[in-house]
Amino acid sequence: MSLSDIKVAIVEDNGMARINLRNHLMEMGFTEVGCFSNGRELKAHVRLRRVDLLLMDYHLGQNKNGVEVVQELQEKGLLKSSTSIIFITSDRLPMIVGQIVDVHPDALVIKPYTIRSIEKNISACLNFHHYLQPVFKLMDDNEFELALDKLVYMLERNSRPRLRSQMVKLQARLLIKIKRFKEAASVYNDVLRSSDKIIWARWGLIQSFYLDGQIAQSEEMLLELTNTQLTSDKAREWLARICIGNNQYAQAEDHINEIREGEMSVSAARLKAYIFQAQERNNEAIQLLEKKRESNRGIRERYDELSLDLARCYLQEAEGKSANERDKTLQVAKFLIGSAGRKNLDQKLIIKKDFLYAAAAVMGGNLDKASELLHREGMDDLADVDVIQMTDAITAWKGIGNDMKASEILALCKERVTELDDGNETTVANMLVIKREESIGERRPEALSFNKTGLEYYIKHEYKKATQHFYQAYLLFPREVAFSLNLLQSLVEAEQAKYKNVNTKQFLLELSRRQMTPSNQKRLEEITKKVEKKPSIFN
């Protein structure tokens with residue numbers, strides 16, 4: 001392909017740097033070069049035109065950073081696999097470099113760069129994509145099995161040794177994409193045998209183990225990575241997500257607390273806020289998000305998103321109050337919803353806000369207002385709606401009595417969660433989906449049945465059988481304190497230090513951080529005394 005046929009996009013918030021880079025590209029022979037100062041402008045462009053080469057700056061002034069922009073475009077299918085991506089940044093911080101590496105760019109250029117350096121990186125990226133054009137074309141068409149077959153065929157006959165490492169890396173990513181996790185792990189292991197310092201292979205191996213259900217192996221590798229500055233924060237986030245998957249929120253919080261607050265990414269802060277909420281510590285979630293929102297006041301898109309996250313916290317707080325005590329909390333929630341994108345007329349943001357307004361109207365008892373909002377134009381089109389936004393829709397539709405619509409959206413949510421690439425976003429979305437599933441009532445009857453059977457065995461002092469049933473109730477409804485206390489008490493009476501993935505002593509610590517009613521708190525204290533009397537069993 002001639003350089004004049006390659007469509008280029010430059011995203012750089014510094015006007016002079018943008019012009020200089022564009023002029024140099026034109027001198028190289030490129031003729032179609034689009035220039036943008038932020039992700040919103042790029043998004044509007046790629047909706048209408050393809051981009052073959054993207055030069056992306058990391059810091060984009062008062063807008064989302066380059067990594068956030070690329071992740072969003074990739075999730076929405078607006079950036080194709082065949083697009084060459086080169087990141088440009090002046091930042092050498094391990095946290096920043098780690099974020100950039102996560103989106104698998106073809107190259108990373110550190111400022112200040114030379115013209116020769118830019119030319120060399122562009123040439124290498126274009127050559128790689130041209131050589132593997134048949135593979136990338138299949139990937140663009142979502143034909144990942146065929147793309148892998150073609151790549152393996154080309155890899156076996158590869159006459160360009162310099163491209164081998166990138167081809168192997170792509171092979172492993174494709175294996176993960178089509179859920180052949182053991183084979184992906186084997187590829188990453190082969191790479192690490194030649195050098196255990198190749199960080200992308202280590203992350204890939206951890207991901208392969210994790211997705212294959214080999215959690216212990218992935219945890220062991222992640223704990224090793226917490227000892228290195230370059231990898232510590234990301235490893236801590238991952239360990240927290242594993243703990244959340246096991247309903248071990250106290251341990252998840254301990255891992256997240258190891259990340260310095262000033263270096264905590266927005267997605268990690270949101271994850272921590274939802275860990276607080278899962279432990280019924282909504283005030284701490286609000287404080288954290290308020291602080292993060294204030295520190296991002298200058299970055300409007302993040303500020304808007306954090307405003308909506310805060311609004312959700314206040315709606316959850318209102319949900320826990322009686323109807324006649326909700327007014328003040330709902331007023332704060334509605335103020336926050338209104339403050340997000342106050343001068344932004346983007347239709348997608350308006351719809352996102354309307355779902356939250358509808359949920360607030362439901363909690364305020366104004367079902368007519370909620371129904372009017374839900375039936376506005378565009379509210380029924382969920383094609384471009386994110387999972388968290390859909391959970392707001394579930395609350396609203398459930399609130400006006402349309403359980404069928406709420407269940408339909410819930411099913412779509414579960415499907416969409418599996419398509420998310422960002423680990424923190426996936427975990428937060430999963431937590432919200434489970435909560436909505438609980439609110440619809442699809443889990444509760446089954447959990448109550450298990451709990452009832454467990455109580456019958458417990459009364460007969462058949463504690464091991466009781467534990468089996470309490471455990472099932474707990475898995476279905478981990479937020480129900482009564483189910484958790486029943487499981488803990490049964491474990492203690494049966495003198496079981498561990499049952500499946502529940503460690504009795506750790507589970508006790510977990511529950512000690514939960515907000516409880518005075519009666520449940522008293523019950524927990526009594527169980528704690530029993531545990532303390534038997535240190536040889538519950539060590």
# chains A, B, ... in the order shown; residues from 1 in each chain; ligands from 1

$ residues_around --residues "Lys405 (chain A)" --least-positions-apart "2" --cutoff "12 Å" --atoms "only C-alpha atoms" --output "compact mmCIF listing (two decimals) with N, CA, C and O atoms, in the first residue's frame"
# COMPACT_ATOMS: atom_id res chain seq x y z
N LEU A 374 -38.48 6.82 30.72
CA LEU A 374 -38.12 5.55 30.09
C LEU A 374 -38.71 5.39 28.69
O LEU A 374 -38.20 4.61 27.89
N ASP A 380 -34.95 3.06 24.26
CA ASP A 380 -35.12 1.61 24.04
C ASP A 380 -33.98 1.00 23.22
O ASP A 380 -33.92 -0.21 23.04
N MET A 390 -26.85 0.00 31.72
CA MET A 390 -27.97 -0.94 31.61
C MET A 390 -28.47 -1.37 33.00
O MET A 390 -29.65 -1.63 33.18
N THR A 391 -27.56 -1.44 33.98
CA THR A 391 -28.02 -1.79 35.33
C THR A 391 -28.89 -0.68 35.91
O THR A 391 -29.81 -0.96 36.69
N ALA A 393 -30.89 1.04 34.03
CA ALA A 393 -32.16 0.80 33.32
C ALA A 393 -32.95 -0.31 33.99
O ALA A 393 -34.18 -0.23 34.10
N ILE A 394 -32.26 -1.35 34.46
CA ILE A 394 -32.94 -2.46 35.14
C ILE A 394 -33.67 -1.94 36.38
O ILE A 394 -34.84 -2.27 36.62
N THR A 395 -32.98 -1.12 37.18
CA THR A 395 -33.59 -0.55 38.38
C THR A 395 -34.85 0.23 38.04
O THR A 395 -35.88 0.10 38.71
N ALA A 396 -34.76 1.05 36.99
CA ALA A 396 -35.89 1.89 36.61
C ALA A 396 -37.07 1.07 36.09
O ALA A 396 -38.22 1.27 36.51
N TRP A 397 -36.83 0.14 35.17
CA TRP A 397 -37.92 -0.68 34.61
C TRP A 397 -38.55 -1.56 35.70
O TRP A 397 -39.77 -1.73 35.74
N LYS A 398 -37.71 -2.13 36.57
CA LYS A 398 -38.23 -2.92 37.68
C LYS A 398 -39.11 -2.05 38.58
O LYS A 398 -40.18 -2.46 39.04
N GLY A 399 -38.67 -0.80 38.79
CA GLY A 399 -39.38 0.11 39.68
C GLY A 399 -40.77 0.48 39.20
O GLY A 399 -41.67 0.69 40.02
N ILE A 400 -40.96 0.54 37.87
CA ILE A 400 -42.30 0.89 37.37
C ILE A 400 -43.14 -0.36 37.11
O ILE A 400 -44.23 -0.28 36.55
N GLY A 401 -42.60 -1.53 37.52
CA GLY A 401 -43.38 -2.75 37.45
C GLY A 401 -43.23 -3.58 36.20
O GLY A 401 -43.94 -4.59 36.03
N ASN A 402 -42.29 -3.21 35.32
CA ASN A 402 -42.09 -3.97 34.09
C ASN A 402 -40.96 -4.98 34.31
O ASN A 402 -39.83 -4.78 33.87
N ASP A 403 -41.29 -6.08 35.02
CA ASP A 403 -40.28 -7.09 35.35
C ASP A 403 -39.73 -7.78 34.11
O ASP A 403 -38.56 -8.16 34.07
N SER A 407 -35.84 -8.04 33.15
CA SER A 407 -35.19 -9.35 32.97
C SER A 407 -34.51 -9.44 31.61
O SER A 407 -33.42 -10.02 31.49
N GLU A 408 -35.12 -8.87 30.58
CA GLU A 408 -34.51 -8.87 29.24
C GLU A 408 -33.19 -8.10 29.26
O GLU A 408 -32.19 -8.55 28.69
N ILE A 409 -33.18 -6.95 29.92
CA ILE A 409 -31.96 -6.14 29.98
C ILE A 409 -30.90 -6.85 30.83
O ILE A 409 -29.71 -6.80 30.52
N LEU A 410 -31.34 -7.52 31.89
CA LEU A 410 -30.41 -8.28 32.72
C LEU A 410 -29.70 -9.35 31.91
O LEU A 410 -28.48 -9.53 32.01
N ALA A 411 -30.44 -10.07 31.07
CA ALA A 411 -29.85 -11.11 30.22
C ALA A 411 -28.82 -10.50 29.27
O ALA A 411 -27.75 -11.07 29.04
N LEU A 412 -29.15 -9.33 28.71
CA LEU A 412 -28.23 -8.64 27.81
C LEU A 412 -26.98 -8.19 28.57
O LEU A 412 -25.86 -8.26 28.04
N ILE A 440 -34.23 -8.20 41.23
CA ILE A 440 -35.31 -8.75 40.42
C ILE A 440 -35.94 -9.95 41.11
O ILE A 440 -37.12 -10.27 40.94

$ select_by_dssp --residues "region 164-323 of chain A" --states "alpha helix (DSSP H)" --output "number ranges by chain"
A: 164-177, 181-194, 199-211, 215-225, 229-245, 249-257, 266-278, 282-295, 300-319

$ atom_distance --atom1 "CA of Glu437 (chain A)" --atom2 "CA of Asn424 (chain A)"
19.9 Å

$ residues_around --residues "Glu280 (chain A)" --least-positions-apart "6" --cutoff "9 Å" --atoms "only C-alpha atoms" --output "VMD selection string"
chain A and resid 479 513 to 516

$ write_last_selection --atoms "all heavy atoms" --output "tab-separated table (two decimals), in the first residue's frame"
chain	number	residue	atom	x	y	z
A	479	ARG	N	-24.67	-10.85	49.74
A	479	ARG	CA	-24.92	-9.58	50.42
A	479	ARG	C	-25.87	-9.75	51.61
A	479	ARG	O	-25.98	-8.84	52.44
A	479	ARG	CB	-25.52	-8.57	49.43
A	479	ARG	CG	-24.52	-8.08	48.40
A	479	ARG	CD	-25.23	-7.33	47.28
A	479	ARG	NE	-26.10	-6.29	47.80
A	479	ARG	CZ	-25.69	-5.08	48.18
A	479	ARG	NH1	-24.42	-4.77	48.10
A	479	ARG	NH2	-26.55	-4.19	48.63
A	513	ARG	N	-16.06	-6.44	59.10
A	513	ARG	CA	-16.00	-5.13	58.44
A	513	ARG	C	-17.34	-4.71	57.83
A	513	ARG	O	-17.45	-3.62	57.29
A	513	ARG	CB	-14.92	-5.14	57.36
A	513	ARG	CG	-13.52	-5.38	57.89
A	513	ARG	CD	-12.49	-5.03	56.84
A	513	ARG	NE	-11.17	-5.48	57.21
A	513	ARG	CZ	-10.09	-5.32	56.45
A	513	ARG	NH1	-10.19	-4.73	55.29
A	513	ARG	NH2	-8.91	-5.75	56.86
A	514	ARG	N	-18.29	-5.61	57.89
A	514	ARG	CA	-19.61	-5.30	57.32
A	514	ARG	C	-20.43	-4.45	58.29
A	514	ARG	O	-20.34	-4.60	59.51
A	514	ARG	CB	-20.38	-6.59	57.02
A	514	ARG	CG	-19.77	-7.47	55.94
A	514	ARG	CD	-20.24	-7.14	54.54
A	514	ARG	NE	-21.66	-7.36	54.36
A	514	ARG	CZ	-22.21	-8.50	53.97
A	514	ARG	NH1	-21.42	-9.55	53.73
A	514	ARG	NH2	-23.50	-8.62	53.80
A	515	GLN	N	-21.26	-3.57	57.75
A	515	GLN	CA	-22.22	-2.84	58.57
A	515	GLN	C	-23.39	-3.78	58.90
A	515	GLN	O	-23.93	-4.41	58.00
A	515	GLN	CB	-22.74	-1.62	57.80
A	515	GLN	CG	-21.69	-0.55	57.54
A	515	GLN	CD	-21.28	0.20	58.79
A	515	GLN	OE1	-22.06	0.32	59.73
A	515	GLN	NE2	-20.06	0.69	58.80
A	516	MET	N	-23.75	-3.88	60.18
A	516	MET	CA	-24.80	-4.82	60.59
A	516	MET	C	-25.76	-4.16	61.56
A	516	MET	O	-25.44	-3.16	62.21
A	516	MET	CB	-24.19	-6.05	61.28
A	516	MET	CG	-23.31	-6.91	60.42
A	516	MET	SD	-22.78	-8.37	61.33
A	516	MET	CE	-21.61	-9.08	60.16

$ atom_distance --atom1 "CA of Cys35 (chain A)" --atom2 "CA of Phe136 (chain A)"
24.8 Å

$ atom_distance --atom1 "CA of Glu317 (chain A)" --atom2 "CA of Lys348 (chain A)"
26.1 Å

$ decode --residues "region 483-528 of chain A" --atoms "N, CA and C atoms" --output "CSV table (one decimal), in the first residue's frame"
chain,number,residue,atom,x,y,z
A,483,PHE,N,-27.5,-15.0,55.8
A,483,PHE,CA,-26.9,-16.2,55.1
A,483,PHE,C,-25.5,-16.3,55.5
A,484,SER,N,-24.7,-15.2,55.5
A,484,SER,CA,-23.3,-15.3,55.8
A,484,SER,C,-23.1,-15.7,57.3
A,485,LEU,N,-23.9,-15.1,58.2
A,485,LEU,CA,-23.7,-15.5,59.6
A,485,LEU,C,-24.1,-17.0,59.8
A,486,ASN,N,-25.1,-17.4,59.2
A,486,ASN,CA,-25.5,-18.8,59.3
A,486,ASN,C,-24.4,-19.7,58.8
A,487,LEU,N,-23.7,-19.4,57.7
A,487,LEU,CA,-22.6,-20.2,57.2
A,487,LEU,C,-21.4,-20.2,58.2
A,488,LEU,N,-21.1,-19.0,58.7
A,488,LEU,CA,-20.0,-18.9,59.7
A,488,LEU,C,-20.3,-19.7,60.9
A,489,GLN,N,-21.5,-19.5,61.5
A,489,GLN,CA,-21.8,-20.2,62.7
A,489,GLN,C,-21.8,-21.8,62.5
A,490,SER,N,-22.3,-22.2,61.4
A,490,SER,CA,-22.2,-23.6,61.1
A,490,SER,C,-20.8,-24.2,61.0
A,491,LEU,N,-19.9,-23.4,60.3
A,491,LEU,CA,-18.5,-23.8,60.2
A,491,LEU,C,-17.9,-23.9,61.6
A,492,VAL,N,-18.2,-22.9,62.4
A,492,VAL,CA,-17.6,-22.9,63.8
A,492,VAL,C,-18.1,-24.1,64.6
A,493,GLU,N,-19.4,-24.4,64.5
A,493,GLU,CA,-20.0,-25.5,65.3
A,493,GLU,C,-19.4,-26.8,64.7
A,494,ALA,N,-19.2,-26.9,63.4
A,494,ALA,CA,-18.7,-28.1,62.8
A,494,ALA,C,-17.2,-28.2,63.0
A,495,GLU,N,-16.6,-27.2,63.6
A,495,GLU,CA,-15.1,-27.1,63.8
A,495,GLU,C,-14.4,-27.3,62.5
A,496,GLN,N,-14.8,-26.6,61.4
A,496,GLN,CA,-14.2,-26.7,60.1
A,496,GLN,C,-13.4,-25.4,59.9
A,497,ALA,N,-12.1,-25.5,59.7
A,497,ALA,CA,-11.3,-24.3,59.5
A,497,ALA,C,-11.5,-23.8,58.1
A,498,LYS,N,-11.9,-24.7,57.2
A,498,LYS,CA,-12.1,-24.3,55.8
A,498,LYS,C,-13.2,-25.1,55.1
A,499,TYR,N,-14.0,-24.5,54.3
A,499,TYR,CA,-14.9,-25.3,53.5
A,499,TYR,C,-14.9,-24.7,52.0
A,500,LYS,N,-14.4,-25.5,51.1
A,500,LYS,CA,-14.3,-25.1,49.7
A,500,LYS,C,-13.4,-23.8,49.7
A,501,ASN,N,-13.9,-22.7,49.2
A,501,ASN,CA,-13.0,-21.5,49.1
A,501,ASN,C,-13.2,-20.5,50.3
A,502,VAL,N,-13.9,-21.0,51.3
A,502,VAL,CA,-14.2,-20.2,52.5
A,502,VAL,C,-13.3,-20.6,53.6
A,503,ASN,N,-12.3,-19.7,54.0
A,503,ASN,CA,-11.5,-19.9,55.2
A,503,ASN,C,-12.2,-19.3,56.4
A,504,THR,N,-12.5,-20.1,57.4
A,504,THR,CA,-13.4,-19.6,58.5
A,504,THR,C,-12.9,-18.4,59.2
A,505,LYS,N,-11.5,-18.3,59.5
A,505,LYS,CA,-11.0,-17.2,60.2
A,505,LYS,C,-11.0,-15.9,59.3
A,506,GLN,N,-10.7,-16.1,58.0
A,506,GLN,CA,-10.8,-15.0,57.1
A,506,GLN,C,-12.2,-14.5,56.9
A,507,PHE,N,-13.1,-15.5,56.9
A,507,PHE,CA,-14.5,-15.1,56.7
A,507,PHE,C,-15.1,-14.3,57.9
A,508,LEU,N,-14.6,-14.7,59.1
A,508,LEU,CA,-14.9,-13.9,60.3
A,508,LEU,C,-14.4,-12.5,60.1
A,509,LEU,N,-13.2,-12.3,59.7
A,509,LEU,CA,-12.6,-11.0,59.5
A,509,LEU,C,-13.4,-10.2,58.4
A,510,GLU,N,-13.8,-10.9,57.4
A,510,GLU,CA,-14.7,-10.3,56.3
A,510,GLU,C,-15.9,-9.7,56.9
A,511,LEU,N,-16.6,-10.5,57.7
A,511,LEU,CA,-17.9,-10.1,58.3
A,511,LEU,C,-17.7,-9.0,59.3
A,512,SER,N,-16.6,-9.0,60.0
A,512,SER,CA,-16.4,-8.0,61.0
A,512,SER,C,-16.3,-6.5,60.4
A,513,ARG,N,-16.1,-6.4,59.1
A,513,ARG,CA,-16.0,-5.1,58.4
A,513,ARG,C,-17.3,-4.7,57.8
A,514,ARG,N,-18.3,-5.6,57.9
A,514,ARG,CA,-19.6,-5.3,57.3
A,514,ARG,C,-20.4,-4.4,58.3
A,515,GLN,N,-21.3,-3.6,57.8
A,515,GLN,CA,-22.2,-2.8,58.6
A,515,GLN,C,-23.4,-3.8,58.9
A,516,MET,N,-23.7,-3.9,60.2
A,516,MET,CA,-24.8,-4.8,60.6
A,516,MET,C,-25.8,-4.2,61.6
A,517,THR,N,-26.9,-4.8,61.7
A,517,THR,CA,-27.9,-4.3,62.7
A,517,THR,C,-27.3,-4.7,64.1
A,518,PRO,N,-27.7,-4.1,65.2
A,518,PRO,CA,-27.2,-4.5,66.5
A,518,PRO,C,-27.4,-5.9,66.9
A,519,SER,N,-28.5,-6.5,66.4
A,519,SER,CA,-28.7,-8.0,66.8
A,519,SER,C,-27.7,-8.8,66.0
A,520,ASN,N,-27.5,-8.5,64.7
A,520,ASN,CA,-26.5,-9.3,64.0
A,520,ASN,C,-25.1,-9.1,64.5
A,521,GLN,N,-24.8,-7.9,64.9
A,521,GLN,CA,-23.5,-7.6,65.5
A,521,GLN,C,-23.2,-8.4,66.8
A,522,LYS,N,-24.3,-8.5,67.6
A,522,LYS,CA,-24.2,-9.2,68.8
A,522,LYS,C,-23.9,-10.7,68.5
A,523,ARG,N,-24.6,-11.2,67.5
A,523,ARG,CA,-24.5,-12.6,67.1
A,523,ARG,C,-23.0,-12.9,66.6
A,524,LEU,N,-22.5,-11.9,65.8
A,524,LEU,CA,-21.1,-12.1,65.3
A,524,LEU,C,-20.1,-12.1,66.5
A,525,GLU,N,-20.4,-11.2,67.5
A,525,GLU,CA,-19.5,-11.2,68.6
A,525,GLU,C,-19.5,-12.5,69.4
A,526,GLU,N,-20.6,-13.2,69.5
A,526,GLU,CA,-20.7,-14.5,70.2
A,526,GLU,C,-20.0,-15.5,69.4
A,527,ILE,N,-20.1,-15.5,68.0
A,527,ILE,CA,-19.4,-16.5,67.2
A,527,ILE,C,-17.9,-16.2,67.3
A,528,THR,N,-17.4,-14.9,67.4
A,528,THR,CA,-16.0,-14.6,67.5
A,528,THR,C,-15.4,-15.2,68.8
